[in-house]
Amino acid sequence: MTDVVLESLRALVIAIILLFFWHMGRQEGLVRQKGFRYIIIGLAFVFLGSLVDITDTLPQLNKFIILGTTLYQSIIEKLGYLTGLVLLGFGFRNWIPLFPALMHAEEAQKRQNERLEQLVAERTAELSEANRQLQQEVEERKQAQEALAIAHEQAMTVNRLKSQFLANVSHDLRTPLNAVLGYSEMLREGIYGTLSDEQQEANNKIIDSTTHLLDMINNLLDQAEIESETISLKCSPFKPAELIDTTILTLGPRAEARHLKLSCQIDPNLPDTLNGDLYALRRILTNLVSNAIKFTDQGEVAVSILRCDEAHWSIQVADTGRGIPPQALEYIFEPFRRIDGAPIDGSGAGLGLSIVKHLVTLMKGDISTKSHLGQGSTFTARLPLNTTQEFAA
Amino acid sequence: VIKPLAFVIEDDKHLAQIFATALQSAGFQSEVIHDGARALERLAAVEPVVVLLDLHLPKVMGRDVLRATRQDDRLANTKFILTTADPQMAKTLENDVEIVLIKPISFTQLRDLAARLRHALG
């Protein structure tokens, strides 16, 4: 009887294990795995074997067992156990290699985690280093910006000082030269008594040289102003007739000294006032006329002011001088350029025409040249003198 | 015959002499003044026909001399000729005066200009 109870208990335990495995397999989705199926089937066979084992000791149940006799029961029992154990063996055989892999995976995971942690630490260090560098860079930039602001301020100061210096130089150079020129002219005009021919000639040379020096100084100062971009034009009403008169008055003696006729032709419809920058116009006209006088050996220099259209007037200076070679027409307006082989007297810094061009451009006008070698040249500055709008300076 | 009076207000003594001589040659009687304060004093006392005024003056600048005298009705008919070596400065004042001369100023140029003014006075 004890055997039956024990064998039943064994069958029950096996059934529980089988059910547990079955239930777990369903839950974990292991049913499709070959090894698991072997285990389930193996357990089923063992269970079957144990059931048959029970009937072994309960002969009264024999009639319900389709397999009949004890020998068969014994065979079935042994076969059940044997097959079940073999299948269990197969099942576990399929499953066992997974364990090291799982173990290995766990370790790998751990190592991976450690590696990740290390990587994170490294990256964090890199990031904080980059951050530090960035902050340093920001700091450096800030310093550079401050330095730049200081440098800019200094440059502005230097520029102001330069302009002031130019104004002072301009005053200090022109004043004594003006005295030299004035006294020489007074001598020439006989204010201090009549000069002998030789004295007059020497005096004329002083006047010539002084005028030339003044021209150079004026042009150098103008050029310096152009280069430092401090030149600014102001558009205001002026009397064009006065502009021409002043120029003729100033340069007349120079033309006379070279035995040239200095004439002027004014458009009969010239209004009393036009709009423009008087100083720039004076510089344009003075440079053009003194250039014409310099390069003309005989004949005349003619100044004219003519209407071009509704808004434009042209200031024209024509001479009967030596003319400009065609290839030189391309560069005569460039600063410091002088026509090859001219002027014969070697005077001039090559700035006059470049200043003229610059001023004409500032006044939103244009300048053109016509010239025939040996016959003379004509410079025409076309300027918007009717407009009251300010020039871009 | 009393010649019309012209003031030469110029701090450089040589230039002042040249300008004064040019004005005298054109038929004016000239008085030379070397600083702005003295110019204001003299302009308050007499009414010259022509004032040749330098902008760069000791004590009181030419600009201030001009501003003070331009408000004086006694000097409404006085012709002001501004002289300066600084064209940028001249630009700011060219509407307040009759004539602006940029230095260097030629003796003959000033004499001829003054002669024309003298002629216009009759």
# chains A, B, ... in the order shown; residues from 1 in each chain; ligands from 1
call {"tool": "closest_atom_pairs", "arguments": {"of": "chain A", "to": "chain B", "cutoff": "8 Å", "atoms": "only C-alpha atoms", "output": "tab-separated table"}}
result
residue	atom	partner	partner_atom	distance
A:Ala167	CA	B:Asp86	CA	6.6
A:Ser170	CA	B:Ala85	CA	6.8
A:His171	CA	B:Ala85	CA	5.4
A:Arg174	CA	B:Pro104	CA	5.9
A:Thr175	CA	B:Pro104	CA	6.9
A:Leu177	CA	B:Pro104	CA	7.4
A:Asn178	CA	B:Pro104	CA	4.9
A:Ala179	CA	B:Leu15	CA	5.5
A:Leu181	CA	B:Ser106	CA	6.9
A:Gly182	CA	B:Phe107	CA	5.1
A:Tyr183	CA	B:Ile18	CA	6.7
A:Glu185	CA	B:Phe107	CA	6.1
A:Met186	CA	B:Phe107	CA	6.9
A:Leu214	CA	B:Pro104	CA	7.7
A:Ser232	CA	B:Gln88	CA	8.0
A:Lys234	CA	B:Lys91	CA	7.3
A:Thr246	CA	B:Gln109	CA	7.7
A:Leu249	CA	B:Gln109	CA	5.4
A:Thr250	CA	B:Gln109	CA	5.8
A:Tyr279	CA	B:Pro87	CA	6.6
call {"tool": "write_last_selection", "arguments": {"atoms": "C-alpha atoms", "output": "PDB file, in the first residue's frame"}}
result
ATOM      1  CA  ALA A 167      45.577 121.810 -41.225  1.00  0.00           C
ATOM      2  CA  SER A 170      48.866 123.755 -44.425  1.00  0.00           C
ATOM      3  CA  HIS A 171      48.657 127.018 -42.476  1.00  0.00           C
ATOM      4  CA  ARG A 174      51.296 128.645 -46.829  1.00  0.00           C
ATOM      5  CA  THR A 175      51.710 131.693 -44.609  1.00  0.00           C
ATOM      6  CA  LEU A 177      55.268 131.308 -48.736  1.00  0.00           C
ATOM      7  CA  ASN A 178      52.462 133.782 -49.125  1.00  0.00           C
ATOM      8  CA  ALA A 179      54.782 136.431 -47.663  1.00  0.00           C
ATOM      9  CA  LEU A 181      55.142 135.650 -53.010  1.00  0.00           C
ATOM     10  CA  GLY A 182      53.565 138.900 -51.804  1.00  0.00           C
ATOM     11  CA  TYR A 183      56.850 140.765 -51.325  1.00  0.00           C
ATOM     12  CA  GLU A 185      55.037 140.743 -56.365  1.00  0.00           C
ATOM     13  CA  MET A 186      55.341 144.078 -54.595  1.00  0.00           C
ATOM     14  CA  LEU A 214      52.716 126.632 -53.574  1.00  0.00           C
ATOM     15  CA  SER A 232      34.191 116.546 -47.686  1.00  0.00           C
ATOM     16  CA  LYS A 234      29.543 121.017 -49.368  1.00  0.00           C
ATOM     17  CA  THR A 246      39.330 134.771 -59.331  1.00  0.00           C
ATOM     18  CA  LEU A 249      43.192 137.042 -61.554  1.00  0.00           C
ATOM     19  CA  THR A 250      45.319 134.411 -59.821  1.00  0.00           C
ATOM     20  CA  TYR A 279      36.579 125.209 -53.115  1.00  0.00           C
TER      21      TYR A 279
END
call {"tool": "residues_around", "arguments": {"residues": "Leu55 in chain B", "least_positions_apart": "4", "cutoff": "10 Å", "atoms": "only C-alpha atoms", "output": "PyMOL selection string"}}
result
chain B and resi 9-11+36+60-66+82-86+89-90+93
call {"tool": "write_last_selection", "arguments": {"atoms": "N, CA, C and O atoms", "output": "mmCIF file, in the first residue's frame"}}
result
data_model
loop_
_atom_site.group_PDB
_atom_site.id
_atom_site.type_symbol
_atom_site.label_atom_id
_atom_site.label_comp_id
_atom_site.auth_asym_id
_atom_site.auth_seq_id
_atom_site.Cartn_x
_atom_site.Cartn_y
_atom_site.Cartn_z
ATOM 1 N N ILE B 9 42.863 142.791 -40.797
ATOM 2 C CA ILE B 9 42.964 142.073 -39.528
ATOM 3 C C ILE B 9 43.695 140.758 -39.806
ATOM 4 O O ILE B 9 43.127 139.828 -40.371
ATOM 5 N N GLU B 10 44.976 140.747 -39.462
ATOM 6 C CA GLU B 10 45.836 139.614 -39.819
ATOM 7 C C GLU B 10 46.973 139.530 -38.816
ATOM 8 O O GLU B 10 47.650 140.517 -38.553
ATOM 9 N N ASP B 11 47.180 138.337 -38.223
ATOM 10 C CA ASP B 11 48.199 138.239 -37.176
ATOM 11 C C ASP B 11 49.625 138.154 -37.722
ATOM 12 O O ASP B 11 50.568 138.553 -37.052
ATOM 13 N N GLY B 36 42.208 139.620 -32.560
ATOM 14 C CA GLY B 36 40.758 139.686 -32.597
ATOM 15 C C GLY B 36 40.151 140.663 -31.598
ATOM 16 O O GLY B 36 39.168 141.336 -31.910
ATOM 17 N N VAL B 60 40.812 136.641 -29.890
ATOM 18 C CA VAL B 60 39.452 136.343 -30.345
ATOM 19 C C VAL B 60 39.544 135.864 -31.788
ATOM 20 O O VAL B 60 40.179 136.519 -32.615
ATOM 21 N N MET B 61 38.966 134.700 -32.063
ATOM 22 C CA MET B 61 39.046 134.143 -33.408
ATOM 23 C C MET B 61 38.246 134.969 -34.410
ATOM 24 O O MET B 61 37.248 135.621 -34.061
ATOM 25 N N GLY B 62 38.694 134.926 -35.664
ATOM 26 C CA GLY B 62 38.041 135.680 -36.735
ATOM 27 C C GLY B 62 36.556 135.380 -36.847
ATOM 28 O O GLY B 62 35.735 136.259 -37.085
ATOM 29 N N ARG B 63 36.217 134.104 -36.616
ATOM 30 C CA ARG B 63 34.817 133.679 -36.690
ATOM 31 C C ARG B 63 33.958 134.470 -35.692
ATOM 32 O O ARG B 63 32.835 134.896 -36.009
ATOM 33 N N ASP B 64 34.518 134.673 -34.492
ATOM 34 C CA ASP B 64 33.764 135.389 -33.458
ATOM 35 C C ASP B 64 33.707 136.886 -33.745
ATOM 36 O O ASP B 64 32.704 137.544 -33.443
ATOM 37 N N VAL B 65 34.774 137.405 -34.333
ATOM 38 C CA VAL B 65 34.773 138.817 -34.744
ATOM 39 C C VAL B 65 33.652 139.021 -35.760
ATOM 40 O O VAL B 65 32.849 139.957 -35.665
ATOM 41 N N LEU B 66 33.581 138.075 -36.700
ATOM 42 C CA LEU B 66 32.563 138.160 -37.754
ATOM 43 C C LEU B 66 31.155 138.096 -37.152
ATOM 44 O O LEU B 66 30.285 138.908 -37.485
ATOM 45 N N LEU B 82 37.013 137.436 -46.299
ATOM 46 C CA LEU B 82 37.565 136.452 -45.375
ATOM 47 C C LEU B 82 38.835 135.856 -45.966
ATOM 48 O O LEU B 82 38.865 135.482 -47.133
ATOM 49 N N THR B 83 39.893 135.771 -45.150
ATOM 50 C CA THR B 83 41.111 135.123 -45.640
ATOM 51 C C THR B 83 41.448 133.954 -44.721
ATOM 52 O O THR B 83 41.373 134.075 -43.497
ATOM 53 N N THR B 84 41.770 132.830 -45.327
ATOM 54 C CA THR B 84 42.124 131.649 -44.523
ATOM 55 C C THR B 84 42.935 130.661 -45.352
ATOM 56 O O THR B 84 42.826 130.632 -46.571
ATOM 57 N N ALA B 85 43.715 129.853 -44.652
ATOM 58 C CA ALA B 85 44.478 128.811 -45.344
ATOM 59 C C ALA B 85 43.710 127.492 -45.324
ATOM 60 O O ALA B 85 44.103 126.528 -45.951
ATOM 61 N N ASP B 86 42.594 127.489 -44.577
ATOM 62 C CA ASP B 86 41.845 126.247 -44.418
ATOM 63 C C ASP B 86 40.527 126.286 -45.201
ATOM 64 O O ASP B 86 39.564 126.895 -44.763
ATOM 65 N N MET B 89 37.299 125.258 -43.359
ATOM 66 C CA MET B 89 36.817 126.301 -42.463
ATOM 67 C C MET B 89 36.091 127.371 -43.271
ATOM 68 O O MET B 89 35.029 127.859 -42.882
ATOM 69 N N ALA B 90 36.681 127.713 -44.421
ATOM 70 C CA ALA B 90 36.105 128.751 -45.267
ATOM 71 C C ALA B 90 34.694 128.372 -45.694
ATOM 72 O O ALA B 90 33.793 129.202 -45.764
ATOM 73 N N LEU B 93 31.763 129.344 -43.582
ATOM 74 C CA LEU B 93 31.465 130.776 -43.407
ATOM 75 C C LEU B 93 31.217 131.513 -44.717
ATOM 76 O O LEU B 93 30.949 132.707 -44.714
#
call {"tool": "atom_distance", "arguments": {"atom1": "CA of Val303 in chain A", "atom2": "CA of Ile315 in chain A"}}
result
7.4 Å
call {"tool": "atom_distance", "arguments": {"atom1": "CA of Phe7 in chain B", "atom2": "CA of Pro48 in chain B"}}
result
6.5 Å
call {"tool": "closest_residue", "arguments": {"among": "B:Lys3, B:Ala120, B:Glu31, B:Ala115", "to": "Val51 in chain B", "atoms": "only C-alpha atoms"}}
result
B:Glu31
call {"tool": "atom_distance", "arguments": {"atom1": "CA of Arg307 in chain A", "atom2": "CA of Pro253 in chain A"}}
result
28.2 Å
call {"tool": "decode", "arguments": {"residues": "range 55-67 of chain B", "atoms": "all heavy atoms", "output": "short mmCIF file (atom, residue, chain, number, x, y, z; two decimals), in the first residue's frame"}}
result
data_model
loop_
_atom_site.label_atom_id
_atom_site.label_comp_id
_atom_site.auth_asym_id
_atom_site.auth_seq_id
_atom_site.Cartn_x
_atom_site.Cartn_y
_atom_site.Cartn_z
N LEU B 55 40.89 134.32 -40.39
CA LEU B 55 40.11 133.49 -39.46
C LEU B 55 40.91 133.08 -38.23
O LEU B 55 40.39 132.94 -37.15
CB LEU B 55 39.62 132.22 -40.17
CG LEU B 55 38.27 132.32 -40.87
CD1 LEU B 55 37.89 130.97 -41.43
CD2 LEU B 55 37.19 132.81 -39.91
N HIS B 56 42.20 132.87 -38.46
CA HIS B 56 43.06 132.36 -37.39
C HIS B 56 43.74 133.53 -36.69
O HIS B 56 44.75 134.05 -37.17
CB HIS B 56 44.10 131.42 -38.03
CG HIS B 56 44.77 130.55 -37.03
ND1 HIS B 56 45.93 130.93 -36.40
CD2 HIS B 56 44.45 129.32 -36.58
CE1 HIS B 56 46.29 129.95 -35.59
NE2 HIS B 56 45.42 128.98 -35.68
N LEU B 57 43.16 133.97 -35.56
CA LEU B 57 43.66 135.16 -34.88
C LEU B 57 43.91 134.89 -33.40
O LEU B 57 43.23 134.05 -32.81
CB LEU B 57 42.63 136.30 -34.98
CG LEU B 57 42.42 136.95 -36.34
CD1 LEU B 57 41.24 137.91 -36.25
CD2 LEU B 57 43.67 137.70 -36.80
N PRO B 58 44.86 135.59 -32.81
CA PRO B 58 45.03 135.43 -31.36
C PRO B 58 43.90 136.15 -30.60
O PRO B 58 43.24 137.02 -31.16
CB PRO B 58 46.37 136.11 -31.07
CG PRO B 58 46.84 136.73 -32.33
CD PRO B 58 45.84 136.50 -33.40
N LYS B 59 43.72 135.72 -29.35
CA LYS B 59 42.75 136.32 -28.41
C LYS B 59 41.29 136.02 -28.80
O LYS B 59 40.62 135.28 -28.12
CB LYS B 59 42.98 137.81 -28.21
CG LYS B 59 44.29 138.09 -27.47
CD LYS B 59 44.53 139.55 -27.28
CE LYS B 59 45.93 139.76 -26.71
NZ LYS B 59 46.32 141.16 -26.72
N VAL B 60 40.81 136.64 -29.89
CA VAL B 60 39.45 136.34 -30.34
C VAL B 60 39.54 135.86 -31.79
O VAL B 60 40.18 136.52 -32.62
CB VAL B 60 38.54 137.61 -30.27
CG1 VAL B 60 37.15 137.29 -30.80
CG2 VAL B 60 38.46 138.12 -28.83
N MET B 61 38.97 134.70 -32.06
CA MET B 61 39.05 134.14 -33.41
C MET B 61 38.25 134.97 -34.41
O MET B 61 37.25 135.62 -34.06
CB MET B 61 38.51 132.70 -33.42
CG MET B 61 39.37 131.69 -32.70
SD MET B 61 40.98 131.46 -33.48
CE MET B 61 40.57 130.21 -34.69
N GLY B 62 38.69 134.93 -35.66
CA GLY B 62 38.04 135.68 -36.74
C GLY B 62 36.56 135.38 -36.85
O GLY B 62 35.74 136.26 -37.08
N ARG B 63 36.22 134.10 -36.62
CA ARG B 63 34.82 133.68 -36.69
C ARG B 63 33.96 134.47 -35.69
O ARG B 63 32.84 134.90 -36.01
CB ARG B 63 34.77 132.19 -36.36
CG ARG B 63 33.41 131.59 -36.22
CD ARG B 63 33.53 130.21 -35.59
NE ARG B 63 34.23 129.30 -36.48
CZ ARG B 63 33.63 128.59 -37.43
NH1 ARG B 63 32.33 128.69 -37.59
NH2 ARG B 63 34.32 127.79 -38.21
N ASP B 64 34.52 134.67 -34.49
CA ASP B 64 33.76 135.39 -33.46
C ASP B 64 33.71 136.89 -33.74
O ASP B 64 32.70 137.54 -33.44
CB ASP B 64 34.39 135.13 -32.08
CG ASP B 64 34.35 133.64 -31.74
OD1 ASP B 64 33.30 133.02 -32.02
OD2 ASP B 64 35.35 133.11 -31.25
N VAL B 65 34.77 137.40 -34.33
CA VAL B 65 34.77 138.82 -34.74
C VAL B 65 33.65 139.02 -35.76
O VAL B 65 32.85 139.96 -35.67
CB VAL B 65 36.14 139.22 -35.37
CG1 VAL B 65 36.06 140.63 -35.95
CG2 VAL B 65 37.25 139.12 -34.33
N LEU B 66 33.58 138.07 -36.70
CA LEU B 66 32.56 138.16 -37.75
C LEU B 66 31.16 138.10 -37.15
O LEU B 66 30.29 138.91 -37.48
CB LEU B 66 32.78 136.99 -38.72
CG LEU B 66 31.96 137.05 -39.99
CD1 LEU B 66 32.39 138.22 -40.86
CD2 LEU B 66 32.11 135.74 -40.77
N ARG B 67 30.96 137.15 -36.24
CA ARG B 67 29.64 136.96 -35.63
C ARG B 67 29.21 138.23 -34.89
O ARG B 67 28.07 138.68 -35.01
CB ARG B 67 29.69 135.78 -34.65
CG ARG B 67 28.33 135.28 -34.26
CD ARG B 67 28.43 134.00 -33.48
NE ARG B 67 29.02 132.92 -34.25
CZ ARG B 67 29.82 131.98 -33.74
NH1 ARG B 67 30.16 132.03 -32.48
NH2 ARG B 67 30.29 131.02 -34.49
#
